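To be precise, the following lines are structure.csv, and they hold CSV, C-alpha atoms and all ligand atoms.
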```csv
chain,number,residue,atom,x,y,z
A,1,MET,CA,100.2,95.8,76.6
A,2,SER,CA,101.2,94.5,80.0
A,3,LEU,CA,98.7,92.7,82.1
A,4,ILE,CA,98.9,93.8,85.8
A,5,VAL,CA,97.7,91.1,88.2
A,6,GLY,CA,97.1,91.5,91.9
A,7,LEU,CA,97.7,88.4,94.0
A,8,THR,CA,96.2,88.0,97.4
A,9,GLY,CA,95.1,85.5,100.0
A,10,GLY,CA,94.8,85.2,103.7
A,11,ILE,CA,97.2,84.0,106.4
A,12,ALA,CA,98.6,80.6,105.4
A,13,SER,CA,96.3,80.3,102.4
A,14,GLY,CA,99.3,79.6,100.1
A,15,LYS,CA,99.9,83.1,98.6
A,16,SER,CA,103.7,82.9,99.1
A,17,THR,CA,103.7,79.4,97.6
A,18,VAL,CA,101.9,80.7,94.5
A,19,SER,CA,104.0,83.9,94.4
A,20,ASN,CA,107.1,81.7,94.3
A,21,MET,CA,105.6,79.6,91.4
A,22,ILE,CA,105.0,82.8,89.5
A,23,SER,CA,108.6,84.0,90.0
A,24,GLU,CA,109.9,80.6,88.9
A,25,MET,CA,107.9,81.1,85.7
A,26,GLY,CA,110.1,84.1,85.0
A,27,ILE,CA,107.3,86.6,85.7
A,28,ARG,CA,108.1,89.6,87.7
A,29,VAL,CA,106.5,89.7,91.2
A,30,ILE,CA,106.4,93.0,93.1
A,31,ASP,CA,106.0,92.1,96.7
A,32,ALA,CA,104.2,94.6,99.0
A,33,ASP,CA,105.8,93.2,102.1
A,34,ILE,CA,109.3,93.5,100.8
A,35,GLU,CA,108.6,97.0,99.6
A,36,ALA,CA,107.2,97.9,103.0
A,37,ARG,CA,110.5,96.8,104.6
A,38,LEU,CA,112.6,98.6,102.0
A,39,ALA,CA,110.5,101.8,102.3
A,40,VAL,CA,111.6,102.3,106.0
A,41,GLU,CA,115.3,101.5,105.6
A,42,GLU,CA,117.7,104.0,106.9
A,43,GLY,CA,117.9,107.1,104.7
A,44,GLU,CA,114.5,106.5,102.9
A,45,PRO,CA,111.9,109.3,103.1
A,46,ALA,CA,109.6,107.3,105.3
A,47,TYR,CA,112.4,106.5,107.7
A,48,HIS,CA,112.9,110.2,108.5
A,49,LYS,CA,109.2,110.9,108.8
A,50,ILE,CA,108.8,108.0,111.2
A,51,ILE,CA,111.5,109.3,113.4
A,52,GLU,CA,110.0,112.8,113.3
A,53,GLU,CA,106.7,111.4,114.4
A,54,PHE,CA,107.8,108.7,116.9
A,55,GLY,CA,111.1,110.1,118.3
A,56,THR,CA,114.7,108.8,118.2
A,57,ASP,CA,113.8,106.1,120.8
A,58,ILE,CA,112.6,103.8,118.0
A,59,VAL,CA,116.0,103.8,116.3
A,60,ALA,CA,118.1,100.8,117.1
A,61,ALA,CA,121.9,100.9,117.7
A,62,THR,CA,122.4,99.8,114.1
A,63,GLY,CA,120.6,102.9,112.8
A,64,ASP,CA,117.7,100.8,111.6
A,65,LEU,CA,114.2,101.3,113.0
A,66,ASP,CA,113.5,99.0,115.9
A,67,ARG,CA,110.5,97.2,114.5
A,68,GLN,CA,109.7,95.6,117.8
A,69,LYS,CA,109.6,98.9,119.6
A,70,LEU,CA,107.6,100.5,116.8
A,71,GLY,CA,105.2,97.5,116.8
A,72,ASN,CA,104.6,97.7,120.5
A,73,LEU,CA,104.1,101.4,120.3
A,74,ILE,CA,101.3,101.1,117.7
A,75,PHE,CA,99.8,97.9,118.9
A,76,HIS,CA,97.5,99.5,121.5
A,77,ASN,CA,97.3,102.9,120.0
A,78,LYS,CA,95.0,103.2,117.0
A,79,GLU,CA,95.9,106.9,116.3
A,80,LYS,CA,99.6,106.1,116.1
A,81,ARG,CA,98.9,103.1,114.0
A,82,LEU,CA,97.0,105.2,111.5
A,83,ARG,CA,99.7,107.8,111.5
A,84,LEU,CA,102.4,105.2,110.7
A,85,ASN,CA,100.2,103.8,107.9
A,86,GLU,CA,99.8,107.3,106.6
A,87,ILE,CA,103.6,107.6,106.3
A,88,VAL,CA,104.4,104.2,105.1
A,89,HIS,CA,101.5,103.2,102.7
A,90,PRO,CA,102.0,106.0,100.1
A,91,GLU,CA,105.7,105.1,100.0
A,92,VAL,CA,105.0,101.5,99.4
A,93,ARG,CA,102.5,102.3,96.6
A,94,ARG,CA,105.0,104.7,95.0
A,95,ARG,CA,107.8,102.0,95.1
A,96,MET,CA,105.4,99.4,93.6
A,97,ASN,CA,104.2,101.7,90.9
A,98,GLU,CA,107.7,102.6,89.9
A,99,GLN,CA,108.6,99.0,89.4
A,100,LYS,CA,105.3,98.3,87.6
A,101,GLU,CA,106.0,101.2,85.2
A,102,SER,CA,109.5,99.9,84.6
A,103,ALA,CA,108.2,96.5,83.8
A,104,ILE,CA,105.6,98.0,81.4
A,105,ARG,CA,108.3,100.0,79.6
A,106,LYS,CA,110.3,96.8,79.2
A,107,GLY,CA,107.2,95.2,77.5
A,108,GLU,CA,106.8,92.5,80.1
A,109,LYS,CA,103.6,90.6,79.3
A,110,ILE,CA,102.5,90.0,82.9
A,111,VAL,CA,103.5,91.7,86.1
A,112,VAL,CA,102.2,90.5,89.4
A,113,LEU,CA,101.7,92.6,92.5
A,114,ASP,CA,101.7,90.5,95.6
A,115,ILE,CA,99.6,92.4,98.1
A,116,PRO,CA,98.3,90.7,101.3
A,117,LEU,CA,95.6,93.4,102.0
A,118,LEU,CA,94.7,94.0,98.3
A,119,PHE,CA,90.9,94.2,99.0
A,120,GLU,CA,91.0,95.5,102.6
A,121,SER,CA,93.3,98.4,101.6
A,122,GLU,CA,91.2,99.1,98.4
A,123,LEU,CA,94.2,98.7,96.1
A,124,THR,CA,92.5,96.9,93.2
A,125,TYR,CA,92.8,100.1,91.2
A,126,MET,CA,96.5,99.4,90.8
A,127,VAL,CA,95.8,96.1,88.9
A,128,ASP,CA,93.8,94.9,85.9
A,129,LYS,CA,92.9,91.5,87.4
A,130,THR,CA,92.9,89.9,90.8
A,131,ILE,CA,93.7,86.3,91.9
A,132,LEU,CA,92.8,85.0,95.4
A,133,VAL,CA,94.5,82.0,96.8
A,134,TYR,CA,92.1,80.4,99.2
A,135,VAL,CA,91.8,77.3,101.4
A,136,ASP,CA,89.0,76.0,103.6
A,137,LEU,CA,89.3,77.0,107.3
A,138,PRO,CA,90.4,73.5,108.6
A,139,VAL,CA,93.2,73.4,106.1
A,140,GLN,CA,94.2,77.0,106.8
A,141,LEU,CA,94.3,76.3,110.6
A,142,GLN,CA,96.3,73.1,110.1
A,143,ARG,CA,98.9,74.7,107.8
A,144,LEU,CA,99.2,77.8,110.0
A,145,CYS,CA,99.7,75.7,113.1
A,146,ALA,CA,102.4,73.6,111.3
A,147,ARG,CA,104.2,76.6,109.7
A,148,ASN,CA,104.2,78.9,112.8
A,149,SER,CA,104.2,76.2,115.5
A,150,LEU,CA,101.0,77.6,117.0
A,151,SER,CA,98.3,76.0,119.0
A,152,GLU,CA,94.9,75.8,117.3
A,153,HIS,CA,93.6,78.5,119.6
A,154,GLU,CA,96.4,80.9,118.6
A,155,ALA,CA,96.0,80.1,114.9
A,156,ARG,CA,92.2,80.7,115.1
A,157,ALA,CA,92.8,84.1,116.7
A,158,ARG,CA,95.1,85.1,113.8
A,159,VAL,CA,92.7,83.9,111.2
A,160,ASN,CA,89.7,85.6,112.9
A,161,ALA,CA,91.6,88.9,112.9
A,162,GLN,CA,91.4,89.0,109.1
A,163,MET,CA,88.7,89.4,106.5
A,164,PRO,CA,87.3,85.9,106.0
A,165,LEU,CA,88.6,84.2,102.8
A,166,ALA,CA,85.0,83.3,102.0
A,167,GLU,CA,84.2,87.0,101.6
A,168,LYS,CA,87.3,87.7,99.4
A,169,ILE,CA,86.1,85.0,97.0
A,170,HIS,CA,83.4,87.3,95.7
A,171,LEU,CA,85.8,90.1,95.2
A,172,ALA,CA,88.4,88.3,93.1
A,173,ASP,CA,88.4,87.8,89.3
A,174,ALA,CA,89.9,84.4,89.7
A,175,THR,CA,90.4,82.0,92.6
A,176,ILE,CA,92.9,79.3,93.2
A,177,ASN,CA,91.7,76.5,95.4
A,178,ASN,CA,94.8,75.5,97.4
A,179,ASN,CA,93.2,72.7,99.5
A,180,GLY,CA,94.9,70.1,97.3
A,181,THR,CA,98.4,69.4,96.2
A,182,VAL,CA,100.9,72.0,95.2
A,183,GLU,CA,100.8,70.5,91.6
A,184,GLU,CA,97.0,71.0,91.5
A,185,THR,CA,97.5,74.6,92.6
A,186,LYS,CA,100.1,75.2,89.9
A,187,SER,CA,97.9,73.8,87.2
A,188,GLN,CA,95.1,76.2,88.3
A,189,LEU,CA,97.6,79.1,88.2
A,190,MET,CA,98.7,78.2,84.7
A,191,ASN,CA,95.2,78.0,83.4
A,192,ILE,CA,94.3,81.4,84.8
A,193,MET,CA,97.4,83.0,83.5
A,194,ASN,CA,97.1,81.4,80.0
A,195,ALA,CA,93.5,82.5,79.7
A,196,TRP,CA,94.2,86.1,80.6
A,197,LEU,CA,97.2,86.2,78.4
A,198,GLU,CA,95.1,85.1,75.4
A,199,GLU,CA,92.4,87.7,76.3
A,200,ASN,CA,95.1,90.4,76.6
A,201,ILE,CA,96.6,89.6,73.2
A,202,VAL,CA,93.3,89.7,71.3
A,301,LIG,P1,100.7,82.5,102.9
A,301,LIG,O1,101.8,83.1,102.1
A,301,LIG,O2,99.4,82.7,102.3
A,301,LIG,O3,100.7,82.8,104.4
A,301,LIG,P2,102.2,80.0,102.5
A,301,LIG,O4,102.4,79.9,101.0
A,301,LIG,O5,103.3,80.3,103.4
A,301,LIG,O6,100.9,80.9,102.9
A,301,LIG,O7,101.6,78.5,102.9
A,301,LIG,C1,101.3,78.2,104.2
A,301,LIG,C2,101.9,76.9,104.6
A,301,LIG,O8,101.3,75.9,103.9
A,301,LIG,C3,103.4,76.8,104.2
A,301,LIG,O9,104.0,76.1,105.2
A,301,LIG,C4,103.4,76.1,102.9
A,301,LIG,O10,104.5,75.3,102.7
A,301,LIG,C5,102.2,75.2,103.1
A,301,LIG,N1,101.4,74.9,101.8
A,301,LIG,C6,101.1,75.8,100.9
A,301,LIG,N2,100.4,75.2,99.9
A,301,LIG,C7,100.3,73.9,100.2
A,301,LIG,C8,99.7,72.8,99.5
A,301,LIG,N3,99.1,72.9,98.4
A,301,LIG,N4,99.9,71.6,100.1
A,301,LIG,C9,100.6,71.5,101.3
A,301,LIG,N5,101.1,72.5,102.0
A,301,LIG,C10,101.0,73.7,101.4
```
How does the structure come out when it is put into structure tokens?
Ligand code: ADP
Amino acid sequence: MSLIVGLTGGIASGKSTVSNMISEMGIRVIDADIEARLAVEEGEPAYHKIIEEFGTDIVAATGDLDRQKLGNLIFHNKEKRLRLNEIVHPEVRRRMNEQKESAIRKGEKIVVLDIPLLFESELTYMVDKTILVYVDLPVQLQRLCARNSLSEHEARARVNAQMPLAEKIHLADATINNNGTVEETKSQLMNIMNAWLEENIV
């Protein structure tokens, strides 16, 4: 039986760092952000639906969707934002499920779904177990400022726009404290995975 794990975090919590560690262990990671990009590529069902809804203006000269234009369009318009999500989200779930099923058929022991908004979008039904990568706020702000070259004010605004990591801790089956070194994080990850694998075998 395959164990399906949902990996989540908050901005600059270290989710991608952990996700890369998991891939390096040879475990398949299905990345919601990547699938969301692929779902709207030229010729995909969502691509056509988006053009029907938002008009040909949002198509760039290359034929791809003009993400910036689309972003601007939905930024201040909640209705349009919801409509876009209504088109894209089911496609992303379908793509992720397809890959999950294929991994299960191949008998892979663990499959990880990397989903930034796992709790907010109520997608925990797609997985058996959830892992949250969290850091304390000062660490989160400092890493976000460094990674994205932001001022502390800008970094705070981005963090504040999200569900607080402290709230997500109560929702996760396991948490990885990423305040320390990358090695410490990796060791926590291994412990969680090994414990779950043992449980799943018994
Ligand atoms: P997320 O995917 O959650 O947004 P990242 O994995 O990109 O977060 O991590 C945010 C930033 O912090 C990156 O620049 C990353 O290299 C750095 N980082 C992540 N974990 C650690 C750690 N344990 N120690 C030091 N820097 C880290």
Choose the residue, out of A:Pro90, A:Gln68, A:Leu132, A:Ala157, that has the smallest atom-to-atom separation from A:Ile176; count all atoms listed in the file. A:Leu132
Contacts of ligand LIG 301 (chain A), 8 Å or closer, all atoms listed in the file, given as an NGL selection string: :A and (8-19 or 133 or 140 or 143-144 or 146-147 or 178-185)
Please, what distance in Å, to one decimal, runs between atom CA of A:Asp31 and atom CA of A:Ile115?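 Atom-to-atom, atom CA of A:Asp31 to atom CA of A:Ile115, that is 6.6 Å.
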Atom pair atom CA of A:Leu3 / atom CA of A:Met21: separation (Å): 17.5 Å
Shortest interatomic distance to A:Arg28 - which of A:Val40, A:Ala172, A:Val111, A:Ile50, counting only C-alpha atoms: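 Result for the nearest residue to A:Arg28: A:Val111.
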Counting all atoms listed in the file, the option among A:Ala174, A:Leu117, A:Thr124, A:Asn85 closest to A:Gln162: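 Looking at the shortest contact to A:Gln162, the residue is A:Leu117.
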Please identify all polymer residues within 7 Å of stretch 57-67 of chain A, counting all atoms listed in the file, omitting same-chain residues fewer than 3 positions from it, and present them as number ranges by chain. A: 41-42, 54, 70-71
Rounded to one decimal in Å, what is the spacing between atom CA of A:Ile4 and atom CA of A:Met193? 11.1 Å
Could you give me, as an MDAnalysis selection string, the residues that sit within 12 Å of (97.4, 87.0, 80.0) in the file's coordinates, counting all atoms listed in the file? chainID A and resid 1:5 27 108:112 128:129 189:202
Of the residues A:Gly107, A:Pro116, A:Gly26, A:Gly55, which is the one nearest to A:Leu165, using only C-alpha atoms?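 Once distances to A:Leu165 are computed over only C-alpha atoms, the minimum belongs to A:Pro116.
Using all atoms listed in the file, the shortest contact distance between A:Leu113 and any of A:Asp136, A:Glu98, A:Glu86, A:Glu154 is found at A:Glu98.
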Taking the structure I provided as the source, export stretch 113-150 of chain A with N, CA, C and O atoms, as a JSON list (two decimals), in the first residue's frame.
```json
[["chain", "number", "residue", "atom", "x", "y", "z"],
["A", 113, "LEU", "N", 2.69, 14.81, -1.96],
["A", 113, "LEU", "CA", 2.01, 15.89, -2.68],
["A", 113, "LEU", "C", 2.43, 17.20, -2.01],
["A", 113, "LEU", "O", 2.16, 17.41, -0.82],
["A", 114, "ASP", "N", 3.14, 18.03, -2.76],
["A", 114, "ASP", "CA", 3.63, 19.31, -2.25],
["A", 114, "ASP", "C", 2.58, 20.37, -2.57],
["A", 114, "ASP", "O", 2.40, 20.74, -3.73],
["A", 115, "ILE", "N", 1.85, 20.79, -1.53],
["A", 115, "ILE", "CA", 0.71, 21.70, -1.76],
["A", 115, "ILE", "C", 0.78, 22.89, -0.80],
["A", 115, "ILE", "O", 0.52, 22.76, 0.39],
["A", 116, "PRO", "N", 1.15, 24.08, -1.32],
["A", 116, "PRO", "CA", 1.28, 25.24, -0.43],
["A", 116, "PRO", "C", 0.01, 25.51, 0.39],
["A", 116, "PRO", "O", 0.09, 25.79, 1.57],
["A", 117, "LEU", "N", -1.16, 25.43, -0.25],
["A", 117, "LEU", "CA", -2.40, 25.76, 0.46],
["A", 117, "LEU", "C", -3.20, 24.50, 0.83],
["A", 117, "LEU", "O", -4.41, 24.44, 0.68],
["A", 118, "LEU", "N", -2.48, 23.50, 1.31],
["A", 118, "LEU", "CA", -3.10, 22.20, 1.65],
["A", 118, "LEU", "C", -4.28, 22.38, 2.63],
["A", 118, "LEU", "O", -5.35, 21.82, 2.42],
["A", 119, "PHE", "N", -4.08, 23.15, 3.67],
["A", 119, "PHE", "CA", -5.13, 23.32, 4.68],
["A", 119, "PHE", "C", -6.17, 24.36, 4.23],
["A", 119, "PHE", "O", -7.37, 24.13, 4.34],
["A", 120, "GLU", "N", -5.69, 25.48, 3.72],
["A", 120, "GLU", "CA", -6.60, 26.56, 3.31],
["A", 120, "GLU", "C", -7.57, 26.09, 2.24],
["A", 120, "GLU", "O", -8.74, 26.48, 2.24],
["A", 121, "SER", "N", -7.08, 25.27, 1.31],
["A", 121, "SER", "CA", -7.93, 24.81, 0.21],
["A", 121, "SER", "C", -8.65, 23.50, 0.55],
["A", 121, "SER", "O", -9.27, 22.90, -0.32],
["A", 122, "GLU", "N", -8.51, 23.08, 1.79],
["A", 122, "GLU", "CA", -9.17, 21.85, 2.27],
["A", 122, "GLU", "C", -8.89, 20.65, 1.36],
["A", 122, "GLU", "O", -9.81, 19.99, 0.88],
["A", 123, "LEU", "N", -7.61, 20.40, 1.14],
["A", 123, "LEU", "CA", -7.22, 19.30, 0.25],
["A", 123, "LEU", "C", -6.66, 18.11, 1.00],
["A", 123, "LEU", "O", -6.11, 17.19, 0.39],
["A", 124, "THR", "N", -6.83, 18.09, 2.33],
["A", 124, "THR", "CA", -6.22, 17.00, 3.10],
["A", 124, "THR", "C", -6.87, 15.65, 2.77],
["A", 124, "THR", "O", -6.27, 14.62, 3.02],
["A", 125, "TYR", "N", -8.07, 15.68, 2.18],
["A", 125, "TYR", "CA", -8.70, 14.41, 1.79],
["A", 125, "TYR", "C", -7.88, 13.67, 0.73],
["A", 125, "TYR", "O", -8.05, 12.47, 0.52],
["A", 126, "MET", "N", -6.99, 14.40, 0.05],
["A", 126, "MET", "CA", -6.20, 13.76, -1.01],
["A", 126, "MET", "C", -5.02, 12.95, -0.46],
["A", 126, "MET", "O", -4.35, 12.25, -1.21],
["A", 127, "VAL", "N", -4.74, 13.11, 0.84],
["A", 127, "VAL", "CA", -3.54, 12.48, 1.41],
["A", 127, "VAL", "C", -3.88, 11.69, 2.67],
["A", 127, "VAL", "O", -4.93, 11.88, 3.27],
["A", 128, "ASP", "N", -2.93, 10.79, 3.07],
["A", 128, "ASP", "CA", -3.14, 10.02, 4.30],
["A", 128, "ASP", "C", -2.58, 10.76, 5.51],
["A", 128, "ASP", "O", -3.11, 10.66, 6.61],
["A", 129, "LYS", "N", -1.45, 11.44, 5.29],
["A", 129, "LYS", "CA", -0.77, 12.13, 6.40],
["A", 129, "LYS", "C", -0.29, 13.49, 5.93],
["A", 129, "LYS", "O", -0.04, 13.68, 4.73],
["A", 130, "THR", "N", -0.15, 14.41, 6.89],
["A", 130, "THR", "CA", 0.31, 15.75, 6.50],
["A", 130, "THR", "C", 1.57, 16.14, 7.29],
["A", 130, "THR", "O", 1.68, 15.82, 8.48],
["A", 131, "ILE", "N", 2.47, 16.81, 6.61],
["A", 131, "ILE", "CA", 3.67, 17.37, 7.26],
["A", 131, "ILE", "C", 3.66, 18.88, 7.05],
["A", 131, "ILE", "O", 3.48, 19.35, 5.92],
["A", 132, "LEU", "N", 3.87, 19.60, 8.13],
["A", 132, "LEU", "CA", 4.02, 21.06, 8.04],
["A", 132, "LEU", "C", 5.49, 21.42, 8.31],
["A", 132, "LEU", "O", 6.06, 20.98, 9.31],
["A", 133, "VAL", "N", 6.07, 22.22, 7.43],
["A", 133, "VAL", "CA", 7.40, 22.77, 7.68],
["A", 133, "VAL", "C", 7.18, 24.16, 8.27],
["A", 133, "VAL", "O", 6.55, 25.01, 7.64],
["A", 134, "TYR", "N", 7.65, 24.36, 9.49],
["A", 134, "TYR", "CA", 7.42, 25.68, 10.09],
["A", 134, "TYR", "C", 8.69, 26.29, 10.66],
["A", 134, "TYR", "O", 9.66, 25.58, 10.95],
["A", 135, "VAL", "N", 8.65, 27.60, 10.76],
["A", 135, "VAL", "CA", 9.74, 28.36, 11.39],
["A", 135, "VAL", "C", 9.09, 29.44, 12.25],
["A", 135, "VAL", "O", 7.93, 29.79, 12.03],
["A", 136, "ASP", "N", 9.84, 29.95, 13.19],
["A", 136, "ASP", "CA", 9.33, 31.08, 13.98],
["A", 136, "ASP", "C", 9.32, 32.34, 13.11],
["A", 136, "ASP", "O", 10.12, 32.45, 12.18],
["A", 137, "LEU", "N", 8.44, 33.26, 13.47],
["A", 137, "LEU", "CA", 8.26, 34.46, 12.64],
["A", 137, "LEU", "C", 9.56, 35.23, 12.34],
["A", 137, "LEU", "O", 9.80, 35.59, 11.18],
["A", 138, "PRO", "N", 10.42, 35.49, 13.35],
["A", 138, "PRO", "CA", 11.64, 36.25, 13.02],
["A", 138, "PRO", "C", 12.51, 35.54, 11.98],
["A", 138, "PRO", "O", 13.09, 36.18, 11.09],
["A", 139, "VAL", "N", 12.58, 34.21, 12.07],
["A", 139, "VAL", "CA", 13.39, 33.44, 11.10],
["A", 139, "VAL", "C", 12.72, 33.52, 9.73],
["A", 139, "VAL", "O", 13.38, 33.72, 8.70],
["A", 140, "GLN", "N", 11.41, 33.39, 9.72],
["A", 140, "GLN", "CA", 10.65, 33.44, 8.46],
["A", 140, "GLN", "C", 10.89, 34.79, 7.76],
["A", 140, "GLN", "O", 11.18, 34.84, 6.56],
["A", 141, "LEU", "N", 10.81, 35.86, 8.55],
["A", 141, "LEU", "CA", 10.99, 37.21, 7.96],
["A", 141, "LEU", "C", 12.41, 37.38, 7.44],
["A", 141, "LEU", "O", 12.62, 37.88, 6.33],
["A", 142, "GLN", "N", 13.35, 36.93, 8.23],
["A", 142, "GLN", "CA", 14.76, 37.11, 7.84],
["A", 142, "GLN", "C", 15.07, 36.32, 6.56],
["A", 142, "GLN", "O", 15.69, 36.85, 5.64],
["A", 143, "ARG", "N", 14.58, 35.08, 6.48],
["A", 143, "ARG", "CA", 14.85, 34.25, 5.28],
["A", 143, "ARG", "C", 14.09, 34.78, 4.06],
["A", 143, "ARG", "O", 14.59, 34.74, 2.95],
["A", 144, "LEU", "N", 12.89, 35.28, 4.30],
["A", 144, "LEU", "CA", 12.11, 35.83, 3.18],
["A", 144, "LEU", "C", 12.77, 37.10, 2.64],
["A", 144, "LEU", "O", 12.89, 37.27, 1.42],
["A", 145, "CYS", "N", 13.22, 37.97, 3.55],
["A", 145, "CYS", "CA", 13.91, 39.19, 3.12],
["A", 145, "CYS", "C", 15.14, 38.83, 2.29],
["A", 145, "CYS", "O", 15.38, 39.42, 1.23],
["A", 146, "ALA", "N", 15.91, 37.85, 2.79],
["A", 146, "ALA", "CA", 17.15, 37.47, 2.10],
["A", 146, "ALA", "C", 16.85, 36.83, 0.75],
["A", 146, "ALA", "O", 17.47, 37.18, -0.25],
["A", 147, "ARG", "N", 15.89, 35.92, 0.73],
["A", 147, "ARG", "CA", 15.62, 35.20, -0.52],
["A", 147, "ARG", "C", 15.04, 36.11, -1.60],
["A", 147, "ARG", "O", 15.43, 36.06, -2.75],
["A", 148, "ASN", "N", 14.10, 36.97, -1.21],
["A", 148, "ASN", "CA", 13.38, 37.77, -2.22],
["A", 148, "ASN", "C", 13.85, 39.23, -2.26],
["A", 148, "ASN", "O", 13.20, 40.05, -2.90],
["A", 149, "SER", "N", 14.94, 39.53, -1.57],
["A", 149, "SER", "CA", 15.43, 40.92, -1.47],
["A", 149, "SER", "C", 14.31, 41.89, -1.13],
["A", 149, "SER", "O", 14.07, 42.87, -1.86],
["A", 150, "LEU", "N", 13.64, 41.63, -0.01],
["A", 150, "LEU", "CA", 12.53, 42.49, 0.40],
["A", 150, "LEU", "C", 12.94, 43.26, 1.65],
["A", 150, "LEU", "O", 13.82, 42.84, 2.40]]
```
